[in-house]
$ cat entry37.cif   # mmCIF, C-alpha atoms
data_model
loop_
_atom_site.group_PDB
_atom_site.id
_atom_site.type_symbol
_atom_site.label_atom_id
_atom_site.label_comp_id
_atom_site.auth_asym_id
_atom_site.auth_seq_id
_atom_site.Cartn_x
_atom_site.Cartn_y
_atom_site.Cartn_z
ATOM 1 C CA MET G 1 103.871 42.598 237.344
ATOM 2 C CA SER G 2 104.934 42.491 233.688
ATOM 3 C CA THR G 3 104.156 39.757 231.205
ATOM 4 C CA PRO G 4 106.335 38.571 228.321
ATOM 5 C CA ALA G 5 104.064 40.448 225.890
ATOM 6 C CA ASP G 6 104.954 43.710 227.700
ATOM 7 C CA ASN G 7 108.630 43.232 226.832
ATOM 8 C CA ARG G 8 108.259 42.655 223.085
ATOM 9 C CA ALA G 9 110.385 44.860 220.854
ATOM 10 C CA HIS G 10 107.912 44.592 217.942
ATOM 11 C CA PRO G 11 104.090 44.636 217.909
ATOM 12 C CA ARG G 12 102.588 41.193 217.264
ATOM 13 C CA VAL G 13 99.713 40.659 214.825
ATOM 14 C CA PHE G 14 97.538 37.533 214.794
ATOM 15 C CA LEU G 15 97.578 36.471 211.192
ATOM 16 C CA GLU G 16 96.992 33.217 209.291
ATOM 17 C CA ARG G 17 98.838 33.112 205.970
ATOM 18 C CA PRO G 18 100.062 30.138 203.933
ATOM 19 C CA ALA G 19 103.790 29.596 204.360
ATOM 20 C CA LYS G 20 106.539 27.073 204.047
ATOM 21 C CA VAL G 21 109.804 26.615 205.873
ATOM 22 C CA PHE G 22 113.104 25.478 204.465
ATOM 23 C CA HIS G 23 114.916 23.440 207.118
ATOM 24 C CA GLN G 24 118.592 24.089 206.491
ATOM 25 C CA GLY G 25 119.733 20.929 208.293
ATOM 26 C CA THR G 26 117.757 18.536 206.073
ATOM 27 C CA ARG G 27 117.504 20.867 203.042
ATOM 28 C CA ARG G 28 113.751 20.158 202.831
ATOM 29 C CA TYR G 29 110.697 22.383 202.545
ATOM 30 C CA LEU G 30 107.854 21.841 205.024
ATOM 31 C CA PRO G 31 104.289 23.196 204.653
ATOM 32 C CA ALA G 32 103.225 25.734 207.270
ATOM 33 C CA VAL G 33 100.691 28.400 208.229
ATOM 34 C CA THR G 34 101.470 31.517 210.235
ATOM 35 C CA SER G 35 99.642 32.015 213.547
ATOM 36 C CA ASN G 36 101.056 35.395 214.481
ATOM 37 C CA ILE G 37 103.903 37.594 213.329
ATOM 38 C CA SER G 38 105.957 40.584 214.369
ATOM 39 C CA GLY G 39 108.968 42.345 212.962
ATOM 40 C CA GLY G 40 111.187 40.133 215.112
ATOM 41 C CA GLY G 41 109.683 36.701 214.535
ATOM 42 C CA VAL G 42 106.766 34.462 213.733
ATOM 43 C CA LEU G 43 104.766 31.643 215.306
ATOM 44 C CA ILE G 44 104.017 29.036 212.656
ATOM 45 C CA ARG G 45 102.101 25.773 212.546
ATOM 46 C CA VAL G 46 104.219 23.246 210.649
ATOM 47 C CA MET G 47 102.645 20.119 209.188
ATOM 48 C CA SER G 48 105.488 17.602 209.333
ATOM 49 C CA PRO G 49 106.347 14.526 211.380
ATOM 50 C CA ARG G 50 109.999 15.629 211.386
ATOM 51 C CA PRO G 51 110.569 17.368 214.743
ATOM 52 C CA LEU G 52 111.987 20.881 214.742
ATOM 53 C CA ASP G 53 114.157 21.809 217.711
ATOM 54 C CA PRO G 54 115.347 25.046 219.310
ATOM 55 C CA GLY G 55 118.442 26.239 217.497
ATOM 56 C CA ASP G 56 117.426 24.739 214.122
ATOM 57 C CA ARG G 57 118.054 27.163 211.255
ATOM 58 C CA LEU G 58 115.073 27.874 208.992
ATOM 59 C CA ASP G 59 114.153 30.075 206.072
ATOM 60 C CA VAL G 60 110.505 31.088 206.405
ATOM 61 C CA LEU G 61 108.592 31.938 203.231
ATOM 62 C CA ILE G 62 105.240 33.669 203.787
ATOM 63 C CA ALA G 63 102.555 34.195 201.122
ATOM 64 C CA TRP G 64 101.841 37.883 201.678
ATOM 65 C CA SER G 65 99.524 37.943 198.655
ATOM 66 C CA ASN G 66 97.438 35.398 196.754
ATOM 67 C CA ARG G 67 100.343 34.324 194.522
ATOM 68 C CA THR G 68 100.678 30.553 194.320
ATOM 69 C CA VAL G 69 104.468 30.567 193.947
ATOM 70 C CA LEU G 70 106.698 32.022 196.662
ATOM 71 C CA SER G 71 109.940 33.718 195.647
ATOM 72 C CA SER G 72 113.224 34.503 197.337
ATOM 73 C CA SER G 73 111.852 37.963 198.194
ATOM 74 C CA ASP G 74 109.361 36.188 200.503
ATOM 75 C CA ARG G 75 112.211 34.457 202.405
ATOM 76 C CA VAL G 76 113.266 35.434 205.943
ATOM 77 C CA ALA G 77 116.089 33.607 207.750
ATOM 78 C CA GLY G 78 115.819 32.753 211.430
ATOM 79 C CA SER G 79 116.251 30.239 214.227
ATOM 80 C CA VAL G 80 113.751 28.097 216.116
ATOM 81 C CA THR G 81 113.401 29.408 219.679
ATOM 82 C CA ARG G 82 110.764 26.902 220.835
ATOM 83 C CA ALA G 83 108.624 24.122 219.412
ATOM 84 C CA ALA G 84 105.655 22.133 220.702
ATOM 85 C CA ARG G 85 103.591 19.275 219.258
ATOM 86 C CA GLY G 86 99.899 19.841 218.688
ATOM 87 C CA ALA G 87 97.137 17.296 219.237
ATOM 88 C CA SER G 88 96.885 16.527 215.509
ATOM 89 C CA GLY G 89 100.608 15.910 215.021
ATOM 90 C CA GLU G 90 101.428 19.399 213.777
ATOM 91 C CA GLN G 91 104.112 21.486 215.472
ATOM 92 C CA PHE G 92 103.843 25.040 216.734
ATOM 93 C CA VAL G 93 107.217 26.626 216.117
ATOM 94 C CA ALA G 94 108.440 30.041 217.268
ATOM 95 C CA VAL G 95 111.082 31.513 214.969
ATOM 96 C CA ALA G 96 113.241 34.549 215.749
ATOM 97 C CA PHE G 97 114.276 36.386 212.588
ATOM 98 C CA ASP G 98 117.973 37.135 212.059
ATOM 99 C CA LYS G 99 117.103 40.659 210.921
ATOM 100 C CA ALA G 100 113.958 42.507 211.938
ATOM 101 C CA MET G 101 111.290 42.874 209.260
ATOM 102 C CA VAL G 102 110.403 46.550 209.484
ATOM 103 C CA ASN G 103 107.081 46.277 207.614
ATOM 104 C CA ALA G 104 106.057 42.701 208.480
ATOM 105 C CA PRO G 105 102.375 43.289 209.437
ATOM 106 C CA ALA G 106 102.056 46.051 206.823
ATOM 107 C CA GLN G 107 102.963 43.611 204.029
ATOM 108 C CA VAL G 108 99.605 41.887 204.239
ATOM 109 C CA ALA G 109 97.613 42.680 201.124
#
$ encode --input "entry37.cif" --output "structure tokens"
Amino acid sequence: MSTPADNRAHPRVFLERPAKVFHQGTRRYLPAVTSNISGGGVLIRVMSPRPLDPGDRLDVLIAWSNRTVLSSSDRVAGSVTRAARGASGEQFVAVAFDKAMVNAPAQVA
């Protein structure tokens, strides 16, 4: 019997990095932290009362280094595939990238 993890196109790495998401629908940035990442997507914890829904378009900006300012080179476009509320009001949001990030886990400094 196979599990969903067996069918992944990209290896997944458990990784906590500061991030933010730009919600294209509201044109607002939301604070976030990555939980895990692969070349095809990311699971992020978003600290915002505004609910994110499957299909929402996001730009995810991940702090790959210790820089305090994120730039457009840190931006990856994608769509929400699933979202769930956490016990503390945060949301756990799975995002599928529009284009695969070939070196996603290798970018970690």
$ resolve_selection --input "entry37.cif" --expression "the PyMOL selection byres ((chain G and resi 54) around 8)" --output "list in words"
Leu52, Asp53, Gly55, Asp56, Ser79, Val80, Thr81, Arg82 and Ala83 of chain G
$ resolve_selection --input "entry37.cif" --expression "the PyMOL selection byres ((chain G and resi 49-51) around 10)" --output "list in words"
Thr26, Leu30, Val46, Met47, Ser48, Leu52, Asp53, Ala83, Ala84, Arg85, Gly89, Glu90, Gln91 and Val93 of chain G
$ write_last_selection --input "entry37.cif" --atoms "C-alpha atoms" --output "tab-separated table (two decimals), in the coordinates of the input"
chain	number	residue	atom	x	y	z
G	26	THR	CA	117.76	18.54	206.07
G	30	LEU	CA	107.85	21.84	205.02
G	46	VAL	CA	104.22	23.25	210.65
G	47	MET	CA	102.64	20.12	209.19
G	48	SER	CA	105.49	17.60	209.33
G	52	LEU	CA	111.99	20.88	214.74
G	53	ASP	CA	114.16	21.81	217.71
G	83	ALA	CA	108.62	24.12	219.41
G	84	ALA	CA	105.66	22.13	220.70
G	85	ARG	CA	103.59	19.27	219.26
G	89	GLY	CA	100.61	15.91	215.02
G	90	GLU	CA	101.43	19.40	213.78
G	91	GLN	CA	104.11	21.49	215.47
G	93	VAL	CA	107.22	26.63	216.12
$ resolve_selection --input "entry37.cif" --expression "the PyMOL selection byres ((chain G and resi 57-73) around 8)" --output "MDAnalysis selection string"
chainID G and resid 17:25 34 55:56 74:80 107:109
$ atom_distance --input "entry37.cif" --atom1 "CA of Phe14 (chain G)" --atom2 "CA of Ser38 (chain G)"
9.0 Å
$ atom_distance --input "entry37.cif" --atom1 "CA of Pro31 (chain G)" --atom2 "CA of Ala94 (chain G)"
14.9 Å
$ atom_distance --input "entry37.cif" --atom1 "CA of Tyr29 (chain G)" --atom2 "CA of Ala87 (chain G)"
22.1 Å
$ axis_aligned_box --input "entry37.cif" --around "region 21-24 of chain G" --padding-each-side "8 Å" --output "JSON"
{"center_x": 114.2, "center_y": 25.0, "center_z": 205.8, "size_x": 24.8, "size_y": 19.2, "size_z": 18.7}
$ build_atoms --input "entry37.cif" --residues "region 38-72 of chain G" --atoms "N, CA and C atoms" --output "PDB file, keeping the file's coordinate frame"
ATOM      1  N   SER G  38     105.488  39.252 214.012  1.00  0.00           N
ATOM      2  CA  SER G  38     105.957  40.584 214.369  1.00  0.00           C
ATOM      3  C   SER G  38     107.191  40.857 213.540  1.00  0.00           C
ATOM      4  N   GLY G  39     107.750  42.033 213.682  1.00  0.00           N
ATOM      5  CA  GLY G  39     108.968  42.345 212.962  1.00  0.00           C
ATOM      6  C   GLY G  39     110.142  41.483 213.388  1.00  0.00           C
ATOM      7  N   GLY G  40     110.069  40.920 214.584  1.00  0.00           N
ATOM      8  CA  GLY G  40     111.187  40.133 215.112  1.00  0.00           C
ATOM      9  C   GLY G  40     111.042  38.634 214.988  1.00  0.00           C
ATOM     10  N   GLY G  41     109.852  38.150 214.630  1.00  0.00           N
ATOM     11  CA  GLY G  41     109.683  36.701 214.535  1.00  0.00           C
ATOM     12  C   GLY G  41     108.268  36.312 214.182  1.00  0.00           C
ATOM     13  N   VAL G  42     108.061  34.992 214.153  1.00  0.00           N
ATOM     14  CA  VAL G  42     106.766  34.462 213.733  1.00  0.00           C
ATOM     15  C   VAL G  42     106.476  33.168 214.503  1.00  0.00           C
ATOM     16  N   LEU G  43     105.214  32.933 214.788  1.00  0.00           N
ATOM     17  CA  LEU G  43     104.766  31.643 215.306  1.00  0.00           C
ATOM     18  C   LEU G  43     104.070  30.949 214.141  1.00  0.00           C
ATOM     19  N   ILE G  44     104.565  29.761 213.789  1.00  0.00           N
ATOM     20  CA  ILE G  44     104.017  29.036 212.656  1.00  0.00           C
ATOM     21  C   ILE G  44     103.577  27.647 213.075  1.00  0.00           C
ATOM     22  N   ARG G  45     102.555  27.154 212.377  1.00  0.00           N
ATOM     23  CA  ARG G  45     102.101  25.773 212.546  1.00  0.00           C
ATOM     24  C   ARG G  45     102.673  24.997 211.377  1.00  0.00           C
ATOM     25  N   VAL G  46     103.526  24.019 211.679  1.00  0.00           N
ATOM     26  CA  VAL G  46     104.219  23.246 210.649  1.00  0.00           C
ATOM     27  C   VAL G  46     103.613  21.856 210.590  1.00  0.00           C
ATOM     28  N   MET G  47     103.236  21.433 209.383  1.00  0.00           N
ATOM     29  CA  MET G  47     102.645  20.119 209.188  1.00  0.00           C
ATOM     30  C   MET G  47     103.739  19.158 208.714  1.00  0.00           C
ATOM     31  N   SER G  48     104.413  18.530 209.669  1.00  0.00           N
ATOM     32  CA  SER G  48     105.488  17.602 209.333  1.00  0.00           C
ATOM     33  C   SER G  48     105.768  16.704 210.525  1.00  0.00           C
ATOM     34  N   PRO G  49     105.990  15.409 210.274  1.00  0.00           N
ATOM     35  CA  PRO G  49     106.347  14.526 211.380  1.00  0.00           C
ATOM     36  C   PRO G  49     107.792  14.736 211.837  1.00  0.00           C
ATOM     37  N   ARG G  50     108.617  15.399 211.016  1.00  0.00           N
ATOM     38  CA  ARG G  50     109.999  15.629 211.386  1.00  0.00           C
ATOM     39  C   ARG G  50     110.048  16.701 212.480  1.00  0.00           C
ATOM     40  N   PRO G  51     110.562  16.380 213.668  1.00  0.00           N
ATOM     41  CA  PRO G  51     110.569  17.368 214.743  1.00  0.00           C
ATOM     42  C   PRO G  51     111.550  18.512 214.475  1.00  0.00           C
ATOM     43  N   LEU G  52     111.120  19.710 214.791  1.00  0.00           N
ATOM     44  CA  LEU G  52     111.987  20.881 214.742  1.00  0.00           C
ATOM     45  C   LEU G  52     112.381  21.214 216.173  1.00  0.00           C
ATOM     46  N   ASP G  53     113.628  21.589 216.362  1.00  0.00           N
ATOM     47  CA  ASP G  53     114.157  21.809 217.711  1.00  0.00           C
ATOM     48  C   ASP G  53     114.722  23.213 217.854  1.00  0.00           C
ATOM     49  N   PRO G  54     114.718  23.744 219.088  1.00  0.00           N
ATOM     50  CA  PRO G  54     115.347  25.046 219.310  1.00  0.00           C
ATOM     51  C   PRO G  54     116.788  25.036 218.791  1.00  0.00           C
ATOM     52  N   GLY G  55     117.121  26.118 218.090  1.00  0.00           N
ATOM     53  CA  GLY G  55     118.442  26.239 217.497  1.00  0.00           C
ATOM     54  C   GLY G  55     118.475  25.868 216.024  1.00  0.00           C
ATOM     55  N   ASP G  56     117.472  25.099 215.546  1.00  0.00           N
ATOM     56  CA  ASP G  56     117.426  24.739 214.122  1.00  0.00           C
ATOM     57  C   ASP G  56     117.343  26.016 213.281  1.00  0.00           C
ATOM     58  N   ARG G  57     118.073  26.034 212.183  1.00  0.00           N
ATOM     59  CA  ARG G  57     118.054  27.163 211.255  1.00  0.00           C
ATOM     60  C   ARG G  57     116.982  26.921 210.194  1.00  0.00           C
ATOM     61  N   LEU G  58     116.159  27.949 209.959  1.00  0.00           N
ATOM     62  CA  LEU G  58     115.073  27.874 208.992  1.00  0.00           C
ATOM     63  C   LEU G  58     115.063  29.114 208.116  1.00  0.00           C
ATOM     64  N   ASP G  59     114.565  28.953 206.903  1.00  0.00           N
ATOM     65  CA  ASP G  59     114.153  30.075 206.072  1.00  0.00           C
ATOM     66  C   ASP G  59     112.633  29.985 206.021  1.00  0.00           C
ATOM     67  N   VAL G  60     111.964  31.049 206.408  1.00  0.00           N
ATOM     68  CA  VAL G  60     110.505  31.088 206.405  1.00  0.00           C
ATOM     69  C   VAL G  60     110.056  31.870 205.177  1.00  0.00           C
ATOM     70  N   LEU G  61     109.157  31.276 204.402  1.00  0.00           N
ATOM     71  CA  LEU G  61     108.592  31.938 203.231  1.00  0.00           C
ATOM     72  C   LEU G  61     107.098  32.105 203.475  1.00  0.00           C
ATOM     73  N   ILE G  62     106.634  33.359 203.465  1.00  0.00           N
ATOM     74  CA  ILE G  62     105.240  33.669 203.787  1.00  0.00           C
ATOM     75  C   ILE G  62     104.544  34.214 202.543  1.00  0.00           C
ATOM     76  N   ALA G  63     103.356  33.710 202.254  1.00  0.00           N
ATOM     77  CA  ALA G  63     102.555  34.195 201.122  1.00  0.00           C
ATOM     78  C   ALA G  63     101.828  35.465 201.564  1.00  0.00           C
ATOM     79  N   TRP G  64     102.440  36.609 201.282  1.00  0.00           N
ATOM     80  CA  TRP G  64     101.841  37.883 201.678  1.00  0.00           C
ATOM     81  C   TRP G  64     100.665  38.244 200.783  1.00  0.00           C
ATOM     82  N   SER G  65     100.617  37.665 199.585  1.00  0.00           N
ATOM     83  CA  SER G  65      99.524  37.943 198.655  1.00  0.00           C
ATOM     84  C   SER G  65      98.917  36.605 198.236  1.00  0.00           C
ATOM     85  N   ASN G  66      98.085  36.624 197.215  1.00  0.00           N
ATOM     86  CA  ASN G  66      97.438  35.398 196.754  1.00  0.00           C
ATOM     87  C   ASN G  66      98.242  34.658 195.682  1.00  0.00           C
ATOM     88  N   ARG G  67      99.501  35.037 195.482  1.00  0.00           N
ATOM     89  CA  ARG G  67     100.343  34.324 194.522  1.00  0.00           C
ATOM     90  C   ARG G  67     100.485  32.868 194.952  1.00  0.00           C
ATOM     91  N   THR G  68     100.543  31.973 193.988  1.00  0.00           N
ATOM     92  CA  THR G  68     100.678  30.553 194.320  1.00  0.00           C
ATOM     93  C   THR G  68     102.129  30.117 194.439  1.00  0.00           C
ATOM     94  N   VAL G  69     103.045  30.904 193.875  1.00  0.00           N
ATOM     95  CA  VAL G  69     104.468  30.567 193.947  1.00  0.00           C
ATOM     96  C   VAL G  69     105.170  31.603 194.816  1.00  0.00           C
ATOM     97  N   LEU G  70     105.944  31.123 195.793  1.00  0.00           N
ATOM     98  CA  LEU G  70     106.698  32.022 196.662  1.00  0.00           C
ATOM     99  C   LEU G  70     108.089  32.214 196.073  1.00  0.00           C
ATOM    100  N   SER G  71     108.627  33.418 196.213  1.00  0.00           N
ATOM    101  CA  SER G  71     109.940  33.718 195.647  1.00  0.00           C
ATOM    102  C   SER G  71     110.941  34.016 196.751  1.00  0.00           C
ATOM    103  N   SER G  72     112.178  34.222 196.353  1.00  0.00           N
ATOM    104  CA  SER G  72     113.224  34.503 197.337  1.00  0.00           C
ATOM    105  C   SER G  72     112.951  35.803 198.081  1.00  0.00           C
TER     106      SER G  72
END
